[in-house]
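Structure file start30.txt; described as compact mmCIF, C-alpha atoms.
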# COMPACT_ATOMS: atom_id res chain seq x y z
CA MET A 121 78.19 120.61 124.97
CA THR A 122 79.91 117.59 123.55
CA ARG A 123 78.25 115.47 120.98
CA PRO A 124 78.30 111.73 121.56
CA THR A 125 80.61 110.10 119.04
CA ALA A 126 79.05 107.21 117.26
CA ALA A 127 81.21 104.19 116.58
CA ARG A 128 82.17 103.99 112.93
CA GLU A 129 80.53 101.11 111.14
CA PRO A 130 82.81 98.52 109.56
CA LEU A 131 83.60 98.76 105.85
CA TYR A 132 81.52 95.71 104.94
CA ARG A 133 78.43 97.53 106.22
CA ARG A 134 79.24 100.95 104.76
CA ARG A 135 80.45 99.78 101.33
CA PRO A 136 79.83 96.07 100.90
CA LEU A 137 80.92 95.95 97.24
CA LEU A 138 84.26 97.62 97.97
CA ALA A 139 84.81 95.38 100.98
CA GLY A 140 84.14 92.32 98.81
CA PHE A 141 86.67 93.45 96.21
CA LEU A 142 89.30 94.20 98.84
CA ARG A 143 88.78 90.78 100.37
CA GLN A 144 89.73 89.17 97.06
CA CYS A 145 93.04 91.06 96.68
CA PRO A 146 95.19 88.07 97.77
CA LEU A 147 93.55 85.89 95.12
CA LEU A 148 93.98 88.62 92.51
CA LEU A 149 97.68 88.87 93.37
CA VAL A 150 98.15 85.12 92.92
CA ILE A 151 96.24 85.16 89.62
CA VAL A 152 98.37 88.04 88.28
CA VAL A 153 101.60 86.22 89.15
CA VAL A 154 100.35 82.98 87.56
CA GLY A 155 99.38 85.02 84.49
CA ALA A 156 102.91 86.40 84.32
CA GLY A 157 104.23 82.84 84.46
CA LEU A 158 101.88 81.81 81.67
CA GLY A 159 103.10 84.76 79.65
CA LEU A 160 106.67 83.54 80.06
CA VAL A 161 105.61 80.07 78.93
CA ALA A 162 103.92 81.59 75.88
CA LEU A 163 107.17 83.42 75.09
CA GLU A 164 108.97 80.05 75.12
CA GLN A 165 110.62 80.64 78.49
CA TRP A 166 108.87 77.60 79.92
CA ARG A 167 111.31 76.89 82.75
CA SER A 168 111.13 80.45 84.10
CA GLY A 169 107.38 80.51 83.62
CA LEU A 170 106.86 77.30 85.57
CA VAL A 171 109.10 78.52 88.38
CA VAL A 172 107.08 81.74 88.58
CA MET A 173 103.81 79.77 88.66
CA GLY A 174 105.16 77.43 91.35
CA LEU A 175 106.27 80.39 93.43
CA ALA A 176 102.81 81.92 93.00
CA VAL A 177 101.24 78.77 94.44
CA LEU A 178 103.75 78.84 97.30
CA GLY A 179 102.85 82.49 97.85
CA ALA A 180 99.18 81.53 98.01
CA GLY A 181 100.04 79.10 100.78
CA VAL A 182 101.98 81.77 102.67
CA LEU A 183 99.11 84.24 102.30
CA ARG A 184 96.69 81.60 103.55
CA LEU A 185 98.93 80.96 106.53
CA LEU A 186 99.45 84.60 107.50
CA LEU A 187 96.18 86.39 106.72
CA PRO A 188 93.09 86.09 108.93
CA ALA A 189 90.05 84.29 107.58
CA ARG A 190 88.08 87.51 107.05
CA ARG A 191 90.79 88.91 104.74
CA ILE A 192 91.75 85.87 102.65
CA GLY A 193 88.68 85.65 100.42
CA PHE A 194 88.44 82.74 98.00
CA LEU A 195 91.95 81.50 98.80
CA ALA A 196 90.29 79.84 101.77
CA VAL A 197 88.87 76.64 100.34
CA ARG A 198 89.38 74.07 103.08
CA SER A 199 90.81 74.27 106.55
CA ARG A 200 93.92 76.40 106.98
CA ARG A 201 96.21 73.42 107.53
CA VAL A 202 95.00 71.60 104.44
CA ASP A 203 95.19 74.71 102.24
CA VAL A 204 98.74 75.53 103.38
CA ALA A 205 99.92 71.93 103.06
CA LEU A 206 98.48 71.41 99.57
CA SER A 207 99.70 74.76 98.29
CA SER A 208 103.17 74.12 99.64
CA VAL A 209 103.42 70.63 98.21
CA VAL A 210 102.12 71.66 94.77
CA GLY A 211 104.31 74.77 94.63
CA ILE A 212 107.46 72.89 95.63
CA ALA A 213 106.65 70.08 93.19
CA VAL A 214 106.15 72.46 90.24
CA VAL A 215 109.36 74.39 90.98
CA SER A 216 111.47 71.29 91.57
CA ILE A 217 110.18 69.47 88.47
CA ALA A 218 110.74 72.56 86.31
CA LEU A 219 114.30 72.87 87.56
CA ALA A 220 115.02 69.13 87.31
CA ILE A 221 114.24 68.77 83.61
CA PRO A 222 117.54 68.89 81.72
CA VAL A 223 118.14 71.67 79.22
CA GLU A 224 118.76 70.51 75.67
Just give me the structure of the file as structure tokens.
Amino acid sequence: MTRPTAAREPLYRRRPLLAGFLRQCPLLLVIVVVGAGLGLVALEQWRSGLVVMGLAVLGAGVLRLLLPARRIGFLAVRSRRVDVALSSVVGIAVVSIALAIPVE
């Protein structure tokens, strides 16, 4: 006799806390990269630090563009178009301004 196989419940029903943490991984990644940029700024490598932070914001926009809504977590603030556009503009602005300031 074969036993009927029950469909496996999704992770958010089996382990809601773990599913909530996993959903915030893209935001955690962006925060870690921004923290690395802030560390560079604290070590007086301000140009490199600002470039890293700008690239982190650009990466947030790319993650928002590529990941589905159920996996993006708190990186989804507004509509997808607005989030991607604002992240791209801010990231490009920070990187370009950091690179445009002349070195003494």
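Between Val210 (chain A) and the residues A:Arg135, A:Leu142, A:Ile151, A:Leu170, the shortest atom-to-atom distance, using all atoms listed in the file, involves A:Leu170.
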With all atoms listed in the file as the counted atoms, please give the residues lying no more than 12 Å from Val152 (chain A), apart from itself and same-chain residues fewer than 5 positions off, as a list in words. Cys145, Pro146, Leu147, Gly157, Leu158, Gly159, Val172, Met173, Ala176, Val177, Gly179 and Ala180 of chain A
Could you state the separation of CA of Arg198 (chain A) and CA of Ala139 (chain A) in Å, given to one decimal place?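 If I compute the distance from CA of Arg198 (chain A) to CA of Ala139 (chain A), I get 21.9 Å.
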Contacts of Gly169 (chain A) at 10 Å or less, counting all atoms listed in the file, minus same-chain residues fewer than 6 places along, as a PyMOL selection string? chain A and resi 153-163+175+215+218
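Residue neighbourhood of Arg143 (chain A), excluding near-sequence residues (fewer than 3 positions): Ala139, Gly140, Arg191, Ile192 and Gly193 of chain A, at 7 Å, using only C-alpha atoms.
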